[in-house]
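Colleague: Got a structure for you, written out below as structure tokens; questions coming shortly.
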Amino acid sequence: MTAPVAPTSPITQDVMTIPRKAAPGLPNLVGMSRDAMREALIAAGTPEKQAKMRVNQIWQWIYHWGVRDFEAMTNLAKPYRELLAANFVISLPEIVSKQVSSDGTRKYLVRIAGGHEVEVVYIPETDRGTLCISSQVGCTLTCSFCHTGTQKLVRNLTAGEIIGQVMLARDDLEEWPTPGAPKDETRLLSNIVLMGMGEPLYNFEGVRDAMKIAMDGEGLSLSRRRITLSTSGVVPEIARTAEEIGCMLAVSFHATTDEVRDKLVPINKKWNIEKLLQALKAYPKLSNSERITFEYVMLKDVNDSDEDARRLVKLIEGIPAKINLIPFNEWPGSPYERSSNNRIRAFADIIYKAGYASPIRTPRGEDIMAACGQLKSATERARKSRAEIAADVQG
Ligand code: SAH
Ligand code: SF4
């Protein structure tokens, strides 16, 4: 008998078993807002007068230096470090596995409390590096072209689990600053997109609190312009996103008639194209951002005609916009096909001639199923069978 030979592939998979188990019951400082941390420190015995300063110090250790051990917080007196260790933990979700694509894209499978798993993708580019993070385990919505949509919603991620994904990626990229070393302005992880698993606006507070931590100038210090939240169109939360987060907005538009959008993005039955456009029109002013990204997945013979392109341009008239064309990423059993390159180019051309930027998104990490819409944790059961989805789409 011969032992099976593993196929040669550019993919490496390593399972990391860094024990990061939190002591049961102790509150985790990761994910707390500054106010919440202040309250928690006071409750643990920090004199009220010192609490603000202590938050600043601890905040910098955690979010600027990436420190996880109270003992390493050298500007705090030893008894105070002991008090912290007796009352709190600094704990992150756990990386279960990492896959690296031949194009450098990294996909992490991350385990959160309760044993649930989400996926996080790091996409290196020449001038920046983008981390695609998840906001929910699964999704309540059932967009018919999306792999995550076949997975039942298990729960919302906490703010700590959301910001924890950013911190884990920084660990893996070895990007925390070294005290005393010259300041390095190049960042491997320079941008965040909320385009992983889940609908971020159905976990508003968790996402908002995590992004506030990401933007805090004393810590991770990412500009709000480098954070993009993608929504399928949860209309009532759009103005609030502008006011309470202020990040860039992307919207999964994907169709130019309600009839087609109802099938592709079923939330459209609740808030249709007209209502969505109304909310989007107000966003740039409310958030002081330049433009909205319209995401448009290119599905062969479904939404990719010249007529669609012309209708799209008409619909978004007056909204400062960029249209991001996403070639459909197939997944096992997916009910659609990707539009041809020629079709995508012709569609892009109509939009470009109307005066809008129309970049075609290059699928990244396809060999490790890391591209948009392919994320799904294998541990969860499918919500619908493929046959049911196909029937919905055709019906
Ligand atoms: N739930 C949010 C964010 C996650 S999806 C939303 O729907 O906007 C990020 C983007 O990938 C969305 O525009 C989504 O519509 C798109 N997407 C989902 N499945 C895809 C697939 N199979 N191929 C290409 N894009 C897909
Ligand atoms: Fe959920 Fe977004 Fe996928 Fe729709 S496209 S099912 S909203 S993750």
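Chain labels run A, B, ... following the order of the structure tokens; each chain numbers its residues from 1, and ligands are numbered from 1 in the order shown.
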As a PyMOL selection string, please: every residue in stretch 134-368 of chain A that DSSP puts in alpha helix (DSSP H).
Modeller: chain A and resi 159-173+204-215+238-244+258-264+273-287+306-315+341-353
Colleague: Name the residues in contact with A:Thr228 at a cut-off of 9 Å, using only C-alpha atoms, excluding same-chain residues fewer than 5 positions from it; report them as JSON, numbers by chain.
Modeller: {"A": [191, 192, 193, 194, 195, 247, 248, 249, 250]}
Colleague: Can you tell me which residues surround A:Arg291 at a distance of at most 10 Å, considering only C-alpha atoms, apart from same-chain residues fewer than 3 positions away, and format the answer as a ChimeraX atom specification?
Modeller: /A:248-250,280-281,283-285,287-288,294,319-322
Colleague: Please return, as a list of chain:residue names, all residues of stretch 138-269 of chain A that DSSP assigns to strand (DSSP E) on the basis of the backbone.
Modeller: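 Matching residues, listed in order: A:Arg155, A:Asn156, A:Asn191, A:Ile192, A:Val193, A:Leu194, A:Ile227, A:Thr228, A:Leu229, A:Ser230, A:Thr231, A:Met248, A:Leu249, A:Ala250, A:Val251, A:Ser252.
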Colleague: Got a sec to check which residues lie within 7 Å of ligand 2, using only C-alpha atoms and all ligand atoms, and send them as a PyMOL selection string?
Modeller: chain A and resi 139-143+146-149+196-199+231-232+265+373
Colleague: May I ask which of the residues A:Met211, A:Ala354, A:Ile316, A:Leu153 is the closest one to ligand 1, counting only C-alpha atoms and all ligand atoms?
Modeller: A:Leu153
Colleague: Would you mind listing what lies within 10 Å of A:Glu295 as a PyMOL selection string, with only C-alpha atoms counted and same-chain residues fewer than 2 positions away left out?
Modeller: chain A and resi 230-232+250-255+292-293+297-298+322-326+358+361
Colleague: Could you work out how far atom CA of A:Phe145 lies from atom 18 (C, counted along the ligand's line) of ligand 1, giving the answer in Å with one decimal?
Modeller: 6.2 Å
Colleague: Using only C-alpha atoms, find each residue of stretch 125-199 of chain A with at least one atom at most 8 Å away from an atom of stretch 62-69 of chain A; report its shortest atom-to-atom pair and that distance in Å (one decimal), sort the rows by chain and rising residue number, and return the result as a Markdown table.
Modeller:
```
| residue | atom | partner | partner_atom | distance |
| --- | --- | --- | --- | --- |
| A:Met167 | CA | A:Gly66 | CA | 7.6 |
| A:Trp176 | CA | A:Trp65 | CA | 5.7 |
| A:Pro177 | CA | A:Trp65 | CA | 5.9 |
| A:Thr178 | CA | A:Trp65 | CA | 7.3 |
| A:Pro179 | CA | A:Trp65 | CA | 7.7 |
```
Colleague: Which residues come within 10 Å of A:Ala85, counting only C-alpha atoms, excluding same-chain residues fewer than 6 positions away, as an mmCIF file with N, CA and C atoms, in the first residue's frame?
Modeller:
```
data_model
loop_
_atom_site.group_PDB
_atom_site.id
_atom_site.type_symbol
_atom_site.label_atom_id
_atom_site.label_comp_id
_atom_site.auth_asym_id
_atom_site.auth_seq_id
_atom_site.Cartn_x
_atom_site.Cartn_y
_atom_site.Cartn_z
ATOM 1 N N LEU A 26 -14.108 36.680 33.812
ATOM 2 C CA LEU A 26 -13.516 38.025 33.886
ATOM 3 C C LEU A 26 -13.843 38.811 32.620
ATOM 4 N N ASP A 69 -0.403 41.331 27.799
ATOM 5 C CA ASP A 69 -0.052 40.887 29.134
ATOM 6 C C ASP A 69 0.096 42.117 30.042
ATOM 7 N N PHE A 70 -0.684 42.133 31.112
ATOM 8 C CA PHE A 70 -0.633 43.309 31.997
ATOM 9 C C PHE A 70 0.787 43.551 32.523
ATOM 10 N N GLU A 71 1.543 42.489 32.702
ATOM 11 C CA GLU A 71 2.915 42.612 33.223
ATOM 12 C C GLU A 71 3.794 43.504 32.336
ATOM 13 N N PRO A 79 1.557 46.839 41.713
ATOM 14 C CA PRO A 79 0.295 46.464 42.370
ATOM 15 C C PRO A 79 -0.924 46.751 41.483
#
```
Colleague: Report, in Å to a single decimal, how far apart atom CA of A:Arg38 and atom CA of A:Leu84 are.
Modeller: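 Interatomic distance here is 12.6 Å.
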Colleague: Hey, what's within 12 Å of A:Gly217 if we count only C-alpha atoms and toss same-chain stuff fewer than 5 positions away? As a ChimeraX atom specification, please?
Modeller: /A:56,59-60,63-64,211-212,222-224
Colleague: Report, in Å to a single decimal, how far apart atom CA of A:Asp209 and atom CA of A:Thr158 are.
Modeller: 9.0 Å
Colleague: Could you tell me which of A:Thr74, A:Ser144, A:Asn341, A:Ser33 comes closest to ligand 1 if we count only C-alpha atoms and all ligand atoms?
Modeller: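 Once distances to ligand 1 are computed over only C-alpha atoms and all ligand atoms, the minimum belongs to A:Ser144.
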Colleague: Return the single residue from A:Ala309, A:Val120, A:Ile351, A:Leu277 that is closest to ligand 1, with distances computed using only C-alpha atoms and all ligand atoms.
Modeller: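 The closest residue to ligand 1 is A:Val120.
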Colleague: If we count only C-alpha atoms and set the cut-off at 10 Å, which residues sit around A:Lys275, ignoring sequence neighbours fewer than 5 positions away in its own chain? Please answer as a PyMOL selection string.
Modeller: chain A and resi 233+235-236+268+270+280
Colleague: Give the answer as one residue: which of A:Arg54, A:Lys300, A:Arg311, A:Arg345 has the shortest atom-to-atom distance to ligand 1, using only C-alpha atoms and all ligand atoms?
Modeller: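 Among A:Arg54, A:Lys300, A:Arg311, A:Arg345, it is A:Lys300 that comes nearest to ligand 1.
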